[in-house]
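J.: Dumping the structure here so I can ask a few things about it.
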Amino acid sequence: MVLRMSETNPYNYPQIYVEEDKDKIDPGSKVIFEKNDGAFCLAKYDREEVFKGNVVKRLFASKPYETAYEEIVDLEKAGITKSFIVYAPKRKTYILVEKGSNVQLLDIVGLKIFLAIEEGDRVKEGDIIGYQVTGKFEVRNIISNGEGVVAYIGTVFEEIQHYIVVLVGEENVREINVTEC
């Protein structure tokens, strides 16, 4: 009996795949590769198997989700440094964001944060995207100061909760079909 990757993971958390050179990917890692015909395929990385009969245009390797912002986002210039694909479990879709896309970053810090947004959601400026509990235990609305599609929500590990929300303009986000191969 062969289990599909989707059947072996009972949790519905977002996943991220970052574009990498084939030499930097460990064998056995989950990857999404783009074929020359534009199709995307999900597999476990085995150099010989992936390339056998497939012409691969580029590879995206699975990374730890919470800290992937360190690789994909230039926090000072608000730009994407590597192309990436995010699996949004709520929508059961994959979102592709290309390198060089300009983004808006929402830096959210508080004693306790409750986000009301997820990857793939569309946000307008002024929308309430969550709630935060302050040091005085007051509850405040978190209001978006940007507009776009939520492409990624990263976690900065500190004593208090700290999130980085990456908003990308709709013209720079593409929903893609990914099949298992």
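Ordering of the structure tokens sets the chain letters (A, B, ...); residue numbers start at 1 within each chain; ligands are numbered from 1 in the order shown.
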Please return as a PyMOL selection string: the residues of range 100-168 of chain A that backbone DSSP assigns to strand (DSSP E or B).

T.: chain A and resi 102-110+112-115+122-123+128-133+139-143+148-155+161-168

J.: The selected residues should be written to file as a CSV table (one decimal), in the first residue's frame (atoms: N, CA and C atoms).

T.:
chain,number,residue,atom,x,y,z
A,102,ASN,N,7.4,43.5,-5.2
A,102,ASN,CA,7.3,44.5,-4.1
A,102,ASN,C,6.2,44.0,-3.2
A,103,VAL,N,6.4,44.2,-1.9
A,103,VAL,CA,5.4,43.7,-0.9
A,103,VAL,C,5.2,44.8,0.1
A,104,GLN,N,4.2,44.7,0.9
A,104,GLN,CA,3.9,45.5,2.1
A,104,GLN,C,4.0,44.6,3.3
A,105,LEU,N,4.8,45.1,4.3
A,105,LEU,CA,5.0,44.3,5.4
A,105,LEU,C,4.2,44.8,6.6
A,106,LEU,N,3.5,44.0,7.3
A,106,LEU,CA,2.8,44.4,8.5
A,106,LEU,C,3.6,43.7,9.7
A,107,ASP,N,4.1,44.5,10.5
A,107,ASP,CA,4.9,44.1,11.7
A,107,ASP,C,3.9,44.2,12.9
A,108,ILE,N,3.6,43.0,13.5
A,108,ILE,CA,2.5,42.9,14.5
A,108,ILE,C,3.2,42.4,15.8
A,109,VAL,N,3.1,43.2,16.8
A,109,VAL,CA,3.8,42.8,18.1
A,109,VAL,C,2.8,43.0,19.2
A,110,GLY,N,2.7,42.1,20.2
A,110,GLY,CA,1.8,42.2,21.3
A,110,GLY,C,2.0,41.1,22.3
A,112,LYS,N,-0.2,39.1,23.4
A,112,LYS,CA,-0.9,38.0,22.8
A,112,LYS,C,-1.6,38.5,21.6
A,113,ILE,N,-1.4,37.8,20.5
A,113,ILE,CA,-2.0,38.2,19.2
A,113,ILE,C,-3.0,37.1,18.7
A,114,PHE,N,-4.1,37.6,18.2
A,114,PHE,CA,-5.1,36.7,17.6
A,114,PHE,C,-5.4,37.2,16.2
A,115,LEU,N,-4.8,36.5,15.2
A,115,LEU,CA,-5.0,37.0,13.8
A,115,LEU,C,-6.2,36.4,13.2
A,122,ARG,N,-7.6,38.2,1.0
A,122,ARG,CA,-7.4,39.5,0.4
A,122,ARG,C,-7.7,40.5,1.5
A,123,VAL,N,-6.8,41.5,1.6
A,123,VAL,CA,-6.9,42.5,2.7
A,123,VAL,C,-6.9,43.9,2.0
A,128,ILE,N,-9.9,45.2,9.7
A,128,ILE,CA,-9.4,44.6,11.0
A,128,ILE,C,-8.9,43.2,10.7
A,129,ILE,N,-7.6,43.0,10.9
A,129,ILE,CA,-7.0,41.7,10.6
A,129,ILE,C,-6.7,40.9,11.8
A,130,GLY,N,-7.0,41.4,13.0
A,130,GLY,CA,-6.8,40.6,14.2
A,130,GLY,C,-7.0,41.5,15.4
A,131,TYR,N,-6.6,40.9,16.6
A,131,TYR,CA,-6.7,41.6,17.9
A,131,TYR,C,-5.4,41.3,18.6
A,132,GLN,N,-5.0,42.3,19.5
A,132,GLN,CA,-3.8,42.1,20.3
A,132,GLN,C,-4.1,42.5,21.7
A,133,VAL,N,-3.5,41.8,22.6
A,133,VAL,CA,-3.6,42.1,24.1
A,133,VAL,C,-2.3,42.8,24.4
A,139,VAL,N,-7.5,45.0,25.0
A,139,VAL,CA,-7.7,44.4,23.7
A,139,VAL,C,-7.8,45.5,22.7
A,140,ARG,N,-7.0,45.4,21.7
A,140,ARG,CA,-7.0,46.4,20.6
A,140,ARG,C,-7.1,45.7,19.3
A,141,ASN,N,-7.8,46.4,18.4
A,141,ASN,CA,-7.9,46.0,17.0
A,141,ASN,C,-6.5,46.1,16.3
A,142,ILE,N,-6.2,45.2,15.4
A,142,ILE,CA,-5.1,45.3,14.6
A,142,ILE,C,-5.6,45.7,13.2
A,143,ILE,N,-5.3,46.8,12.7
A,143,ILE,CA,-5.8,47.3,11.5
A,143,ILE,C,-4.8,47.3,10.4
A,148,GLY,N,-3.6,44.0,-0.3
A,148,GLY,CA,-3.1,42.9,-1.2
A,148,GLY,C,-3.5,41.6,-0.7
A,149,VAL,N,-2.8,40.6,-1.2
A,149,VAL,CA,-3.1,39.2,-0.8
A,149,VAL,C,-2.1,38.8,0.3
A,150,VAL,N,-2.6,38.1,1.3
A,150,VAL,CA,-1.7,37.6,2.4
A,150,VAL,C,-1.0,36.4,1.8
A,151,ALA,N,0.4,36.6,1.5
A,151,ALA,CA,1.2,35.6,0.9
A,151,ALA,C,1.9,34.7,2.0
A,152,TYR,N,2.2,35.3,3.1
A,152,TYR,CA,3.0,34.6,4.1
A,152,TYR,C,2.8,35.3,5.5
A,153,ILE,N,2.7,34.5,6.6
A,153,ILE,CA,2.7,35.0,7.9
A,153,ILE,C,3.9,34.4,8.7
A,154,GLY,N,4.9,35.1,9.0
A,154,GLY,CA,6.1,34.6,9.7
A,154,GLY,C,6.0,34.9,11.1
A,155,THR,N,6.8,34.1,11.9
A,155,THR,CA,6.9,34.3,13.4
A,155,THR,C,8.3,34.7,13.7
A,161,GLN,N,4.7,37.9,21.5
A,161,GLN,CA,4.3,37.4,20.2
A,161,GLN,C,4.7,38.5,19.1
A,162,HIS,N,5.2,38.1,18.0
A,162,HIS,CA,5.7,39.0,17.0
A,162,HIS,C,5.5,38.3,15.6
A,163,TYR,N,4.7,38.9,14.8
A,163,TYR,CA,4.4,38.3,13.5
A,163,TYR,C,4.8,39.3,12.4
A,164,ILE,N,5.2,38.7,11.3
A,164,ILE,CA,5.5,39.5,10.1
A,164,ILE,C,4.5,39.0,9.0
A,165,VAL,N,3.6,39.9,8.6
A,165,VAL,CA,2.6,39.5,7.5
A,165,VAL,C,3.1,40.1,6.2
A,166,VAL,N,3.2,39.3,5.2
A,166,VAL,CA,3.6,39.8,3.9
A,166,VAL,C,2.4,39.9,3.0
A,167,LEU,N,2.1,41.1,2.6
A,167,LEU,CA,1.0,41.4,1.6
A,167,LEU,C,1.6,41.7,0.3
A,168,VAL,N,1.1,41.0,-0.8
A,168,VAL,CA,1.6,41.1,-2.1
A,168,VAL,C,0.4,41.6,-3.0

J.: As a list in words, please: the residues near Leu59 in chain A (cut-off 7 Å, only C-alpha atoms, same-chain neighbours under 3 positions excluded).

T.: Glu19, Glu20, Asp21, Lys22, Val31, Ile32, Phe33 and Glu34 of chain A

J.: Tell me which of A:Asn177, A:Ser83, A:Thr134, A:Asn36 sits closest to Ile160 in chain A, counting only C-alpha atoms.

T.: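 With only C-alpha atoms as the atom set, the closest residue is A:Thr134.
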
J.: One decimal, Å: what's the distance from CA of Ser101 in chain A over to CA of Pro27 in chain A, could you say?

T.: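 CA of Pro27 in chain A lies at a distance of 29.7 Å from CA of Ser101 in chain A.
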
J.: When you look at Glu175 in chain A with a cut-off of 10 Å (counting only C-alpha atoms), what residues show up, excluding the ones that are within fewer than 3 positions of it in the same chain? I need them as a PDB file with N, CA and C atoms, in the first residue's frame.

T.:
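File around04.pdb, as written:
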ATOM      1  N   ILE A  85       6.530  29.284  -2.968  1.00  0.00           N
ATOM      2  CA  ILE A  85       5.169  28.768  -3.096  1.00  0.00           C
ATOM      3  C   ILE A  85       4.667  28.480  -1.691  1.00  0.00           C
ATOM      4  N   VAL A  86       3.463  28.961  -1.385  1.00  0.00           N
ATOM      5  CA  VAL A  86       2.833  28.697  -0.090  1.00  0.00           C
ATOM      6  C   VAL A  86       1.586  27.859  -0.325  1.00  0.00           C
ATOM      7  N   TYR A  87       1.452  26.800   0.467  1.00  0.00           N
ATOM      8  CA  TYR A  87       0.217  26.018   0.460  1.00  0.00           C
ATOM      9  C   TYR A  87      -0.696  26.598   1.518  1.00  0.00           C
ATOM     10  N   THR A  93      -5.164  25.586  -1.738  1.00  0.00           N
ATOM     11  CA  THR A  93      -4.531  26.097  -2.952  1.00  0.00           C
ATOM     12  C   THR A  93      -3.061  26.396  -2.687  1.00  0.00           C
ATOM     13  N   TYR A  94      -2.329  26.468  -3.776  1.00  0.00           N
ATOM     14  CA  TYR A  94      -0.923  26.857  -3.739  1.00  0.00           C
ATOM     15  C   TYR A  94      -0.803  28.248  -4.350  1.00  0.00           C
ATOM     16  N   ILE A  95       0.002  29.103  -3.709  1.00  0.00           N
ATOM     17  CA  ILE A  95       0.188  30.476  -4.155  1.00  0.00           C
ATOM     18  C   ILE A  95       1.653  30.656  -4.520  1.00  0.00           C
ATOM     19  N   LEU A  96       1.919  31.147  -5.720  1.00  0.00           N
ATOM     20  CA  LEU A  96       3.277  31.403  -6.181  1.00  0.00           C
ATOM     21  C   LEU A  96       3.548  32.898  -6.164  1.00  0.00           C
ATOM     22  N   VAL A  97       4.656  33.293  -5.523  1.00  0.00           N
ATOM     23  CA  VAL A  97       5.098  34.684  -5.500  1.00  0.00           C
ATOM     24  C   VAL A  97       6.507  34.708  -6.088  1.00  0.00           C
ATOM     25  N   GLY A 120      -3.622  33.615   1.601  1.00  0.00           N
ATOM     26  CA  GLY A 120      -4.583  33.610   0.507  1.00  0.00           C
ATOM     27  C   GLY A 120      -5.710  34.613   0.683  1.00  0.00           C
ATOM     28  N   VAL A 178      -0.870  22.160  -8.270  1.00  0.00           N
ATOM     29  CA  VAL A 178       0.263  21.289  -7.985  1.00  0.00           C
ATOM     30  C   VAL A 178      -0.274  19.865  -7.886  1.00  0.00           C
TER      31      VAL A 178
END

J.: Quick check, in Å to one decimal: how far apart do CA of Arg174 in chain A and CA of Glu125 in chain A lie?

T.: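 Result for CA of Arg174 in chain A versus CA of Glu125 in chain A: 21.0 Å, one decimal.
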
J.: If you run DSSP on the backbone here, which positions in chain A get helix (DSSP H, G or I)? Please write them as an NGL selection string.

T.: :A and (5-8 or 22-24 or 47-51 or 69-72 or 170-172)

J.: Given the choices A:Glu66, A:Glu180, A:Glu118, A:Asp74, which gets closest to Val156 in chain A if the distance is worked out from only C-alpha atoms?

T.: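 Going through A:Glu66, A:Glu180, A:Glu118, A:Asp74 one by one, the smallest distance to Val156 in chain A is for A:Glu66.
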
J.: As an exercise, work out the distance from CA of Phe40 in chain A to CA of Glu71 in chain A in Å and give it to one decimal place.

T.: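 Computing it gives 21.6 Å between the two atoms.
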